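J.: Contents are mmCIF, C-alpha atoms; file name query.cif:
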data_query
#
loop_
_atom_site.label_atom_id
_atom_site.label_comp_id
_atom_site.auth_asym_id
_atom_site.auth_seq_id
_atom_site.Cartn_x
_atom_site.Cartn_y
_atom_site.Cartn_z
CA MET X 27 0.00 0.00 0.00
CA PRO X 28 1.12 3.61 -0.44
CA GLU X 29 3.30 5.07 2.28
CA LEU X 30 2.27 7.96 4.48
CA LEU X 31 5.63 8.58 6.11
CA SER X 32 8.79 9.49 4.17
CA LYS X 33 12.27 8.79 5.47
CA LEU X 34 14.52 11.84 5.49
CA PRO X 35 17.80 11.39 3.58
CA PHE X 36 19.91 12.09 6.69
CA GLN X 37 20.02 10.70 10.22
CA GLY X 38 20.34 12.46 13.54
CA LYS X 39 22.48 11.41 16.50
CA VAL X 40 21.73 11.30 20.23
CA GLU X 41 24.27 13.63 21.86
CA GLN X 42 22.99 13.68 25.43
CA LEU X 43 20.20 12.16 27.51
CA LEU X 44 18.76 13.71 30.65
CA ALA X 45 16.16 12.79 33.24
CA ASN X 46 14.98 13.91 36.64
CA PRO X 47 12.67 11.76 38.75
CA ASP X 48 11.70 14.61 41.10
CA ARG X 49 9.74 17.55 39.73
CA LYS X 50 10.07 19.44 42.99
CA THR X 51 13.77 19.99 42.34
CA GLY X 52 12.85 22.18 39.37
CA LEU X 53 13.35 22.11 35.65
CA GLU X 54 16.99 20.96 35.70
CA LYS X 55 17.66 17.33 34.78
CA SER X 56 20.77 15.13 35.14
CA THR X 57 22.73 13.49 32.34
CA VAL X 58 22.39 9.71 32.03
CA ASP X 59 23.95 7.23 29.59
CA GLU X 60 20.67 5.75 28.48
CA VAL X 61 16.94 6.04 29.05
CA ASN X 62 14.09 3.59 28.85
CA LEU X 63 11.14 4.85 26.84
CA LEU X 64 7.78 3.54 28.07
CA PHE X 65 4.27 4.30 26.80
CA SER X 66 3.99 6.41 29.95
CA GLY X 67 7.10 8.44 29.05
CA ILE X 68 10.77 8.26 30.02
CA GLU X 69 11.21 5.89 32.95
CA ASN X 70 12.20 7.84 36.08
CA ASP X 71 11.53 11.24 34.58
CA CYS X 72 9.05 13.59 36.19
CA HIS X 73 7.59 14.79 32.88
CA GLY X 74 6.31 11.29 32.12
CA GLY X 75 2.76 10.08 32.63
CA LEU X 76 -0.03 9.07 30.29
CA THR X 77 -1.93 12.21 31.31
CA ARG X 78 -1.04 15.60 32.75
CA LYS X 79 -2.82 18.74 33.90
CA SER X 80 -3.10 21.37 31.18
CA ASP X 81 -1.12 24.54 31.80
CA SER X 82 -0.74 28.09 30.52
CA ARG X 83 0.23 26.86 27.06
CA MET X 84 -3.32 25.79 26.25
CA LEU X 85 -5.50 28.31 28.06
CA LYS X 86 -7.47 28.93 24.87
CA GLN X 87 -8.27 25.23 24.63
CA TYR X 88 -8.57 24.13 28.30
CA LYS X 89 -9.29 25.58 31.70
CA ARG X 90 -5.99 25.37 33.61
CA GLY X 91 -5.64 22.02 35.38
CA THR X 92 -7.85 20.04 32.97
CA MET X 93 -6.65 16.43 32.73
CA VAL X 94 -5.33 15.84 29.19
CA ARG X 95 -3.28 13.17 27.44
CA ASN X 96 0.38 13.90 27.90
CA ALA X 97 1.80 14.74 24.48
CA ARG X 98 4.78 16.41 26.21
CA GLN X 99 6.39 13.27 27.63
CA VAL X 100 9.75 14.07 26.03
CA SER X 101 11.52 17.38 25.36
CA ILE X 102 13.98 17.20 22.45
CA LEU X 103 16.47 19.91 21.57
CA SER X 104 19.17 20.27 18.96
CA ARG X 105 22.82 20.82 19.80
CA GLU X 106 23.13 23.22 16.86
CA GLU X 107 20.04 25.23 17.82
CA LEU X 108 21.22 25.48 21.44
CA ASP X 109 24.53 26.84 20.14
CA ASP X 110 22.67 29.37 17.98
CA VAL X 111 20.64 30.52 20.96
CA ALA X 112 23.76 30.91 23.13
CA SER X 113 25.42 32.90 20.36
CA VAL X 114 22.46 35.26 20.00
CA MET X 115 22.29 35.66 23.80
CA GLY X 116 26.03 36.37 23.90
CA ILE X 117 26.85 33.59 26.38
CA PRO X 118 29.22 30.60 25.98
CA GLU X 119 26.49 27.96 26.05
CA VAL X 120 22.91 27.11 26.92
CA LYS X 121 23.16 23.92 28.94
CA PRO X 122 20.42 21.39 28.11
CA GLU X 123 19.68 20.92 31.81
CA TRP X 124 18.75 24.60 32.09
CA VAL X 125 15.91 24.18 29.60
CA GLY X 126 14.51 20.84 30.78
CA ALA X 127 15.82 18.80 27.85
CA ASN X 128 15.48 15.00 27.82
CA LEU X 129 17.24 14.42 24.51
CA VAL X 130 19.85 16.57 22.83
CA VAL X 131 20.38 15.57 19.22
CA SER X 132 22.64 16.68 16.40
CA GLY X 133 22.48 16.41 12.63
CA ILE X 134 18.81 17.34 12.25
CA PRO X 135 18.75 20.83 10.73
CA ASP X 136 15.98 23.07 12.09
CA LEU X 137 14.84 20.36 14.49
CA THR X 138 12.24 22.75 15.91
CA LEU X 139 10.58 23.02 12.49
CA LEU X 140 10.01 19.26 12.15
CA PRO X 141 6.32 18.82 11.36
CA PRO X 142 3.87 17.40 13.91
CA SER X 143 3.56 13.58 13.74
CA THR X 144 7.17 13.21 12.60
CA ARG X 145 8.48 9.88 13.93
CA LEU X 146 11.99 9.66 15.45
CA GLN X 147 13.22 6.06 15.44
CA PHE X 148 16.11 4.62 17.47
CA GLY X 149 18.17 1.46 17.04
CA SER X 150 16.24 -0.51 19.67
CA GLY X 151 13.01 0.11 17.75
CA ALA X 152 11.89 2.79 20.20
CA MET X 153 9.91 5.56 18.53
CA ILE X 154 9.00 9.08 19.59
CA VAL X 155 6.22 11.02 17.84
CA VAL X 156 6.61 14.79 17.63
CA ASP X 157 3.47 16.55 18.81
CA ILE X 158 4.55 20.11 18.27
CA GLU X 159 7.20 22.81 18.60
CA ASN X 160 8.08 23.84 22.14
CA LEU X 161 7.81 27.57 22.75
CA PRO X 162 10.38 29.31 24.95
CA CYS X 163 8.82 30.45 28.22
CA ARG X 164 9.94 32.21 31.37
CA TYR X 165 10.94 29.15 33.44
CA PRO X 166 14.13 28.29 31.49
CA ALA X 167 14.68 32.02 31.00
CA GLU X 168 14.85 32.38 34.80
CA VAL X 169 17.24 29.42 35.16
CA ILE X 170 19.59 30.87 32.54
CA ALA X 171 19.39 34.33 34.11
CA ARG X 172 20.64 32.86 37.40
CA HIS X 173 23.75 31.60 35.59
CA HIS X 174 24.13 34.57 33.26
CA PRO X 175 22.49 37.69 34.70
CA ASP X 176 23.68 39.77 31.74
CA THR X 177 22.87 38.57 28.24
CA ARG X 178 22.83 40.42 24.95
CA LYS X 179 19.33 39.17 24.25
CA GLY X 180 16.78 37.35 26.43
CA PHE X 181 16.15 33.61 26.12
CA ILE X 182 12.53 33.91 25.03
CA GLU X 183 13.41 36.10 22.08
CA ALA X 184 16.64 34.26 21.19
CA ALA X 185 15.11 30.78 21.38
CA MET X 186 11.96 31.36 19.31
CA HIS X 187 11.72 28.45 16.79
CA LYS X 188 14.95 27.01 18.26
CA ARG X 189 13.66 25.52 21.50
CA GLY X 190 13.05 22.04 20.10
CA VAL X 191 9.94 19.90 20.05
CA VAL X 192 7.91 17.84 22.49
CA GLY X 193 6.48 14.42 21.85
CA TRP X 194 5.16 11.11 23.11
CA ILE X 195 6.27 7.50 22.98
CA GLU X 196 4.78 5.40 20.17
CA CYS X 197 6.98 2.34 20.71
CA GLU X 198 8.85 1.38 23.86
CA GLY X 199 12.59 0.70 23.97
CA ARG X 200 15.95 1.93 25.19
CA VAL X 201 17.80 4.95 23.78
CA ARG X 202 21.54 5.28 24.31
CA THR X 203 23.91 8.20 23.92
CA GLY X 204 25.42 8.01 20.43
CA ASP X 205 22.40 6.25 18.87
CA ALA X 206 21.51 7.13 15.30
CA ILE X 207 18.04 8.56 14.72
CA THR X 208 15.99 7.76 11.63
CA ILE X 209 13.42 10.43 10.81
CA TRP X 210 10.02 9.76 9.21
CA ILE X 211 7.95 12.76 8.20
CA PRO X 212 4.26 12.99 7.24
CA PRO X 213 3.05 14.31 3.85
CA ARG X 214 4.65 17.67 3.15
CA ARG X 215 1.87 20.11 2.34
CA LEU X 216 -0.06 23.08 3.72
CA TYR X 217 -3.74 23.02 4.63
CA PRO X 218 -5.28 25.21 1.94
CA HIS X 219 -8.11 26.74 4.01
CA ALA X 220 -6.31 28.38 6.95
CA MET Z 1 2.70 33.65 25.99
CA PRO Z 2 2.59 33.23 22.22
CA GLU Z 3 0.09 30.76 20.83
CA LEU Z 4 1.04 27.60 18.98
CA LEU Z 5 -2.43 26.66 17.79
CA SER Z 6 -4.57 28.89 15.57
CA LYS Z 7 -8.34 28.68 15.48
CA LEU Z 8 -9.75 28.23 11.99
CA PRO Z 9 -12.32 30.86 10.99
CA PHE Z 10 -15.03 28.24 10.44
CA GLN Z 11 -16.53 25.43 12.50
CA GLY Z 12 -17.40 21.90 11.54
CA LYS Z 13 -20.51 19.95 12.55
CA VAL Z 14 -20.95 16.36 13.75
CA GLU Z 15 -23.27 14.73 11.20
CA GLN Z 16 -23.13 11.11 12.35
CA LEU Z 17 -21.50 9.01 15.08
CA LEU Z 18 -20.74 5.31 14.78
CA ALA Z 19 -19.31 2.62 17.02
CA ASN Z 20 -18.97 -1.14 17.09
CA PRO Z 21 -17.95 -2.96 20.27
CA ASP Z 22 -17.11 -6.21 18.46
CA ARG Z 23 -14.22 -6.25 16.02
CA LYS Z 24 -15.08 -9.80 14.90
CA THR Z 25 -18.19 -8.52 13.14
CA GLY Z 26 -15.95 -6.62 10.71
CA LEU Z 27 -15.33 -3.05 9.77
CA GLU Z 28 -18.98 -1.95 9.76
CA LYS Z 29 -20.15 0.14 12.70
CA SER Z 30 -23.62 1.18 13.90
CA THR Z 31 -24.98 4.70 14.20
CA VAL Z 32 -25.43 6.06 17.72
CA ASP Z 33 -26.71 9.41 19.00
CA GLU Z 34 -23.67 10.16 21.10
CA VAL Z 35 -20.30 8.71 22.06
CA ASN Z 36 -18.14 9.00 25.13
CA LEU Z 37 -14.52 9.83 24.37
CA LEU Z 38 -12.08 8.33 26.87
CA PHE Z 39 -8.27 8.49 26.92
CA SER Z 40 -8.48 4.89 25.77
CA GLY Z 41 -10.63 5.78 22.75
CA ILE Z 42 -14.36 5.76 22.07
CA GLU Z 43 -16.18 3.87 24.80
CA ASN Z 44 -17.59 0.61 23.42
CA ASP Z 45 -15.75 0.81 20.13
CA CYS Z 46 -13.40 -1.95 19.06
CA HIS Z 47 -10.80 0.43 17.62
CA GLY Z 48 -10.17 1.91 21.07
CA GLY Z 49 -7.31 1.00 23.38
CA LEU Z 50 -4.23 2.85 24.59
CA THR Z 51 -2.08 0.53 22.49
CA ARG Z 52 -2.56 -1.62 19.41
CA LYS Z 53 -0.56 -4.02 17.30
CA SER Z 54 1.10 -2.39 14.31
CA ASP Z 55 -0.22 -3.45 10.93
CA SER Z 56 0.61 -3.25 7.23
CA ARG Z 57 0.46 0.54 7.30
CA MET Z 58 3.76 0.79 9.16
CA LEU Z 59 5.80 -2.12 7.88
CA LYS Z 60 8.72 0.20 7.14
CA GLN Z 61 8.73 1.35 10.76
CA TYR Z 62 7.66 -1.76 12.72
CA LYS Z 63 7.62 -5.50 12.35
CA ARG Z 64 3.94 -6.47 12.03
CA GLY Z 65 2.36 -7.04 15.43
CA THR Z 66 4.68 -4.70 17.37
CA MET Z 67 2.84 -3.11 20.30
CA VAL Z 68 2.52 0.63 19.64
CA ARG Z 69 0.55 3.50 21.11
CA ASN Z 70 -2.84 3.70 19.45
CA ALA Z 71 -2.94 6.92 17.45
CA ARG Z 72 -5.85 5.48 15.42
CA GLN Z 73 -8.47 5.49 18.18
CA VAL Z 74 -10.92 7.48 16.08
CA SER Z 75 -11.64 7.49 12.33
CA ILE Z 76 -13.09 10.79 11.10
CA LEU Z 77 -14.53 11.34 7.63
CA SER Z 78 -16.19 14.24 5.91
CA ARG Z 79 -19.71 14.13 4.49
CA GLU Z 80 -18.57 16.21 1.51
CA GLU Z 81 -15.54 14.01 0.78
CA LEU Z 82 -17.65 10.84 1.03
CA ASP Z 83 -20.04 12.38 -1.49
CA ASP Z 84 -17.10 13.20 -3.80
CA VAL Z 85 -15.84 9.63 -3.57
CA ALA Z 86 -19.28 8.21 -4.37
CA SER Z 87 -19.58 10.53 -7.33
CA VAL Z 88 -16.19 9.49 -8.73
CA MET Z 89 -17.06 5.82 -8.19
CA GLY Z 90 -20.40 6.36 -9.91
CA ILE Z 91 -22.53 5.08 -7.02
CA PRO Z 92 -25.28 6.87 -5.06
CA GLU Z 93 -23.38 6.99 -1.77
CA VAL Z 94 -20.50 5.64 0.28
CA LYS Z 95 -22.03 4.79 3.63
CA PRO Z 96 -19.80 5.73 6.60
CA GLU Z 97 -20.33 2.27 8.11
CA TRP Z 98 -18.72 0.71 5.03
CA VAL Z 99 -15.45 2.49 5.70
CA GLY Z 100 -15.23 2.09 9.49
CA ALA Z 101 -16.05 5.72 10.30
CA ASN Z 102 -16.57 6.81 13.92
CA LEU Z 103 -17.35 10.44 13.17
CA VAL Z 104 -18.79 11.94 10.02
CA VAL Z 105 -18.44 15.70 9.96
CA SER Z 106 -19.45 18.49 7.60
CA GLY Z 107 -18.24 22.03 7.03
CA ILE Z 108 -14.51 21.27 7.17
CA PRO Z 109 -13.21 21.61 3.61
CA ASP Z 110 -10.54 19.07 2.67
CA LEU Z 111 -10.81 17.40 6.07
CA THR Z 112 -8.29 14.79 4.96
CA LEU Z 113 -5.67 17.49 4.42
CA LEU Z 114 -5.89 18.83 7.99
CA PRO Z 115 -2.32 18.86 9.32
CA PRO Z 116 -1.12 16.39 11.95
CA SER Z 117 -1.64 17.62 15.53
CA THR Z 118 -4.73 19.59 14.53
CA ARG Z 119 -7.09 19.67 17.54
CA LEU Z 120 -10.85 19.11 17.06
CA GLN Z 121 -12.79 20.48 20.01
CA PHE Z 122 -16.39 19.69 20.96
CA GLY Z 123 -18.90 21.50 23.17
CA SER Z 124 -18.33 19.21 26.17
CA GLY Z 125 -14.62 20.09 26.13
CA ALA Z 126 -13.71 16.76 24.54
CA MET Z 127 -10.75 17.04 22.17
CA ILE Z 128 -9.44 14.78 19.41
CA VAL Z 129 -5.91 15.21 18.06
CA VAL Z 130 -5.36 14.33 14.39
CA ASP Z 131 -2.40 12.00 13.98
CA ILE Z 132 -2.45 11.67 10.24
CA GLU Z 133 -4.40 11.15 7.03
CA ASN Z 134 -6.04 7.74 6.62
CA LEU Z 135 -5.15 6.00 3.38
CA PRO Z 136 -7.78 4.01 1.49
CA CYS Z 137 -7.06 0.28 1.66
CA ARG Z 138 -8.64 -2.91 0.43
CA TYR Z 139 -10.87 -3.67 3.45
CA PRO Z 140 -13.43 -0.91 2.86
CA ALA Z 141 -12.96 -1.45 -0.87
CA GLU Z 142 -14.17 -5.05 -0.39
CA VAL Z 143 -17.15 -3.96 1.71
CA ILE Z 144 -18.23 -1.43 -0.92
CA ALA Z 145 -17.74 -3.98 -3.71
CA ARG Z 146 -20.21 -6.29 -1.96
CA HIS Z 147 -22.84 -3.54 -2.11
CA HIS Z 148 -21.84 -2.19 -5.53
CA PRO Z 149 -20.04 -4.84 -7.59
CA ASP Z 150 -19.79 -2.45 -10.55
CA THR Z 151 -18.28 0.95 -10.03
CA ARG Z 152 -16.84 3.45 -12.48
CA LYS Z 153 -13.66 3.69 -10.44
CA GLY Z 154 -12.34 1.65 -7.50
CA PHE Z 155 -12.51 2.93 -3.92
CA ILE Z 156 -8.76 3.04 -3.37
CA GLU Z 157 -8.21 5.32 -6.33
CA ALA Z 158 -11.35 7.41 -5.79
CA ALA Z 159 -10.77 7.93 -2.07
CA MET Z 160 -7.11 8.97 -2.14
CA HIS Z 161 -6.80 12.13 0.03
CA LYS Z 162 -10.55 11.94 0.74
CA ARG Z 163 -10.66 9.09 3.26
CA GLY Z 164 -10.44 11.29 6.34
CA VAL Z 165 -8.03 11.30 9.24
CA VAL Z 166 -7.33 9.21 12.32
CA GLY Z 167 -6.57 10.52 15.76
CA TRP Z 168 -6.46 10.06 19.51
CA ILE Z 169 -8.27 11.52 22.49
CA GLU Z 170 -6.52 14.41 24.22
CA CYS Z 171 -9.40 15.33 26.53
CA GLU Z 172 -12.29 13.12 27.58
CA GLY Z 173 -15.95 14.06 27.13
CA ARG Z 174 -19.14 13.31 25.26
CA VAL Z 175 -19.77 14.12 21.61
CA ARG Z 176 -23.33 14.36 20.31
CA THR Z 177 -24.76 14.37 16.82
CA GLY Z 178 -25.16 17.99 15.74
CA ASP Z 179 -22.29 19.29 17.91
CA ALA Z 180 -20.21 22.14 16.53
CA ILE Z 181 -16.48 21.46 16.10
CA THR Z 182 -13.85 24.12 16.74
CA ILE Z 183 -10.62 23.49 14.84
CA TRP Z 184 -7.14 24.42 16.12
CA ILE Z 185 -4.25 24.00 13.72
CA PRO Z 186 -0.49 23.98 14.38
CA PRO Z 187 1.94 26.44 12.73
CA ARG Z 188 1.42 26.45 8.99
CA ARG Z 189 4.79 25.84 7.34
CA LEU Z 190 6.83 23.23 5.51
CA TYR Z 191 9.96 21.57 6.86
CA PRO Z 192 12.70 23.08 4.67
CA HIS Z 193 15.03 20.05 4.54
CA ALA Z 194 12.83 17.26 3.18
#
Written as structure tokens, how would this file's structure read?

T.:
Amino acid sequence: MPELLSKLPFQGKVEQLLANPDRKTGLEKSTVDEVNLLFSGIENDCHGGLTRKSDSRMLKQYKRGTMVRNARQVSILSREELDDVASVMGIPEVKPEWVGANLVVSGIPDLTLLPPSTRLQFGSGAMIVVDIENLPCRYPAEVIARHHPDTRKGFIEAAMHKRGVVGWIECEGRVRTGDAITIWIPPRRLYPHA
Amino acid sequence: MPELLSKLPFQGKVEQLLANPDRKTGLEKSTVDEVNLLFSGIENDCHGGLTRKSDSRMLKQYKRGTMVRNARQVSILSREELDDVASVMGIPEVKPEWVGANLVVSGIPDLTLLPPSTRLQFGSGAMIVVDIENLPCRYPAEVIARHHPDTRKGFIEAAMHKRGVVGWIECEGRVRTGDAITIWIPPRRLYPHA
């Protein structure tokens, strides 16, 4: 039968993996060698869960605190985009742990612009589905400001369309630092009636 | 904070709802006045479930029978597109039950082209997220052929890009025949590196 998903002609690479079992300690996560992806999210990471309470991101869709499916189980950022953001901010680096990253990848140009429902596939068979771009908000901005009180430009402005994507687990499996990432994208077209 | 989802300037309408608790009876579903959307899918419909076994649609991504998250909990088709398909096939109608529909909607032009991660919102607060276009395959084609052995054109050809979309439940709630549908679409752009 015809194929809905197209494989991109390049692969990405897992540069760094991060998790934090305790949400109370804040946004910052710790680097680990590998993670176990479950249908409920990354094992031992506080952003997992099959459901979550809706927040300020979706106030037009849901009253705050409405129980919704968790399509933000995993936060994925690009090494190259993080470097761009640091450069625009005028600081040496934006550490992934400052912005709540779970996966830092390289080799996927404009990661943040990957279309919704893109599939990211790992060697174990594990698969993450991109729900949508992640917008920069004030929480990581505050973390960065503690480390770099003076920046040329603020995080929210510098990181627009460079803050990565969020997604959910379609197939369980382990992901290891250094893994190659195969990328499957949905049909490439614009909805004509928007 | 900035908004990721944009509301379309028109609403859709729920024309018909269908469910079938027993998969063994085949693809055909029965019309009901209302359905209850749960995180696990439509209550009392055999295509529900938090997970499902992968099938021929994803043979490039998964070995058949791999347990994956069910992003095909709901099958949504458009009244207008079904009419187009019937017209091209040269038959009076394509009944929604022949093609495994759960929701038949009207007023959403080119429903099948709605982008992945589009949100469809109902009066109760229930929300369905579009995973992806549904491709016409031989199962509904066989059902239609039993009712109309002679058609001007086959279903698979006639229904390409008119067979609706599949999706999953982001927020639970009831959906009733006649409900208005508010449509939220993700950023409208193409990935530049495909």

J.: Hey, can you check how far CA of Thr77 in chain X sits from CA of Glu198 in chain X?

T.: 17.0 Å

J.: Rank nothing, just name the residue among Z:Asp150, Z:Glu28, Z:Glu34, Z:Glu157 nearest to Val175 in chain Z, using all atoms listed in the file.

T.: Z:Glu34

J.: Rank nothing, just name the residue among Z:Arg174, Z:Arg119, Z:His47, Z:Lys95 nearest to chain X, using only C-alpha atoms.

T.: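 Checking each of Z:Arg174, Z:Arg119, Z:His47, Z:Lys95 against chain X, counting only C-alpha atoms, the winner is Z:Arg119.
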
J.: Run the PyMOL selection byres ((chain X) within 7 of (chain Z)) on the file and write out the hits as a VMD selection string.

T.: chain X and resid 34 65 93 to 95 139 to 143 157 196 to 197 214 to 217 220

J.: Tell me which protein, DNA and RNA residues are within 8 Å of Arg152 in chain Z, counting only C-alpha atoms, leaving out same-chain ones fewer than 4 positions away, and put them as a list in words.

T.: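 Near Arg152 in chain Z, the qualifying residues are Val88, Met89 and Gly90 of chain Z.
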
J.: Give me the residues within 9 Å of Val104 in chain Z as a list in words, counting only C-alpha atoms and dropping any in the same chain fewer than 4 places off.

T.: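 Counting only the stated atoms, we get Lys13, Val14, Glu15, Gln16, Leu17, Leu18, Ser75, Ile76, Leu77, Ser78, Arg79 and Pro96 of chain Z.
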
J.: When the PyMOL selection byres ((chain X and resi 70) around 8) is applied to the file above, which residues end up in the set, as a PDB file with C-alpha atoms, keeping the file's coordinate frame?

T.:
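Result file is out.pdb:
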ATOM      1  CA  ALA X  45      16.160  12.790  33.240  1.00  0.00           C
ATOM      2  CA  ASN X  46      14.980  13.910  36.640  1.00  0.00           C
ATOM      3  CA  PRO X  47      12.670  11.760  38.750  1.00  0.00           C
ATOM      4  CA  ILE X  68      10.770   8.260  30.020  1.00  0.00           C
ATOM      5  CA  GLU X  69      11.210   5.890  32.950  1.00  0.00           C
ATOM      6  CA  ASP X  71      11.530  11.240  34.580  1.00  0.00           C
ATOM      7  CA  CYS X  72       9.050  13.590  36.190  1.00  0.00           C
ATOM      8  CA  GLY X  74       6.310  11.290  32.120  1.00  0.00           C
TER       9      GLY X  74
END

J.: One decimal, in Å: what's the spacing between CA of Pro92 in chain Z and CA of Arg163 in chain Z?

T.: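 Separation of CA of Pro92 in chain Z and CA of Arg163 in chain Z: 17.0 Å.
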
J.: Do you know which residues are at most 7 Å from Gln37 in chain X counting all atoms listed in the file, after dropping those on the same chain fewer than 5 positions away, and could you put them as a PyMOL selection string?

T.: chain X and resi 133+206-209

J.: Using only C-alpha atoms, please write the residues we just selected to a file, as a PDB file, keeping the file's coordinate frame.

T.:
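So out21.pdb came out as:
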ATOM      1  CA  GLY X 133      22.480  16.410  12.630  1.00  0.00           C
ATOM      2  CA  ALA X 206      21.510   7.130  15.300  1.00  0.00           C
ATOM      3  CA  ILE X 207      18.040   8.560  14.720  1.00  0.00           C
ATOM      4  CA  THR X 208      15.990   7.760  11.630  1.00  0.00           C
ATOM      5  CA  ILE X 209      13.420  10.430  10.810  1.00  0.00           C
TER       6      ILE X 209
END

J.: Could you tell me how far CA of Leu129 in chain X sits from CA of Val61 in chain X, in Å to one decimal place?

T.: 9.5 Å

J.: Let me know the residues the PyMOL selection byres ((chain X and resi 168) around 12) catches in the file above, as a PyMOL selection string.

T.: chain X and resi 52-54+124-125+162-167+169-176+180-182

J.: Out of X:Ile154, X:Val111, X:Val131, X:Ile117, which residue has the shortest atom-to-atom distance to Asn62 in chain X when counting only C-alpha atoms?

T.: X:Ile154
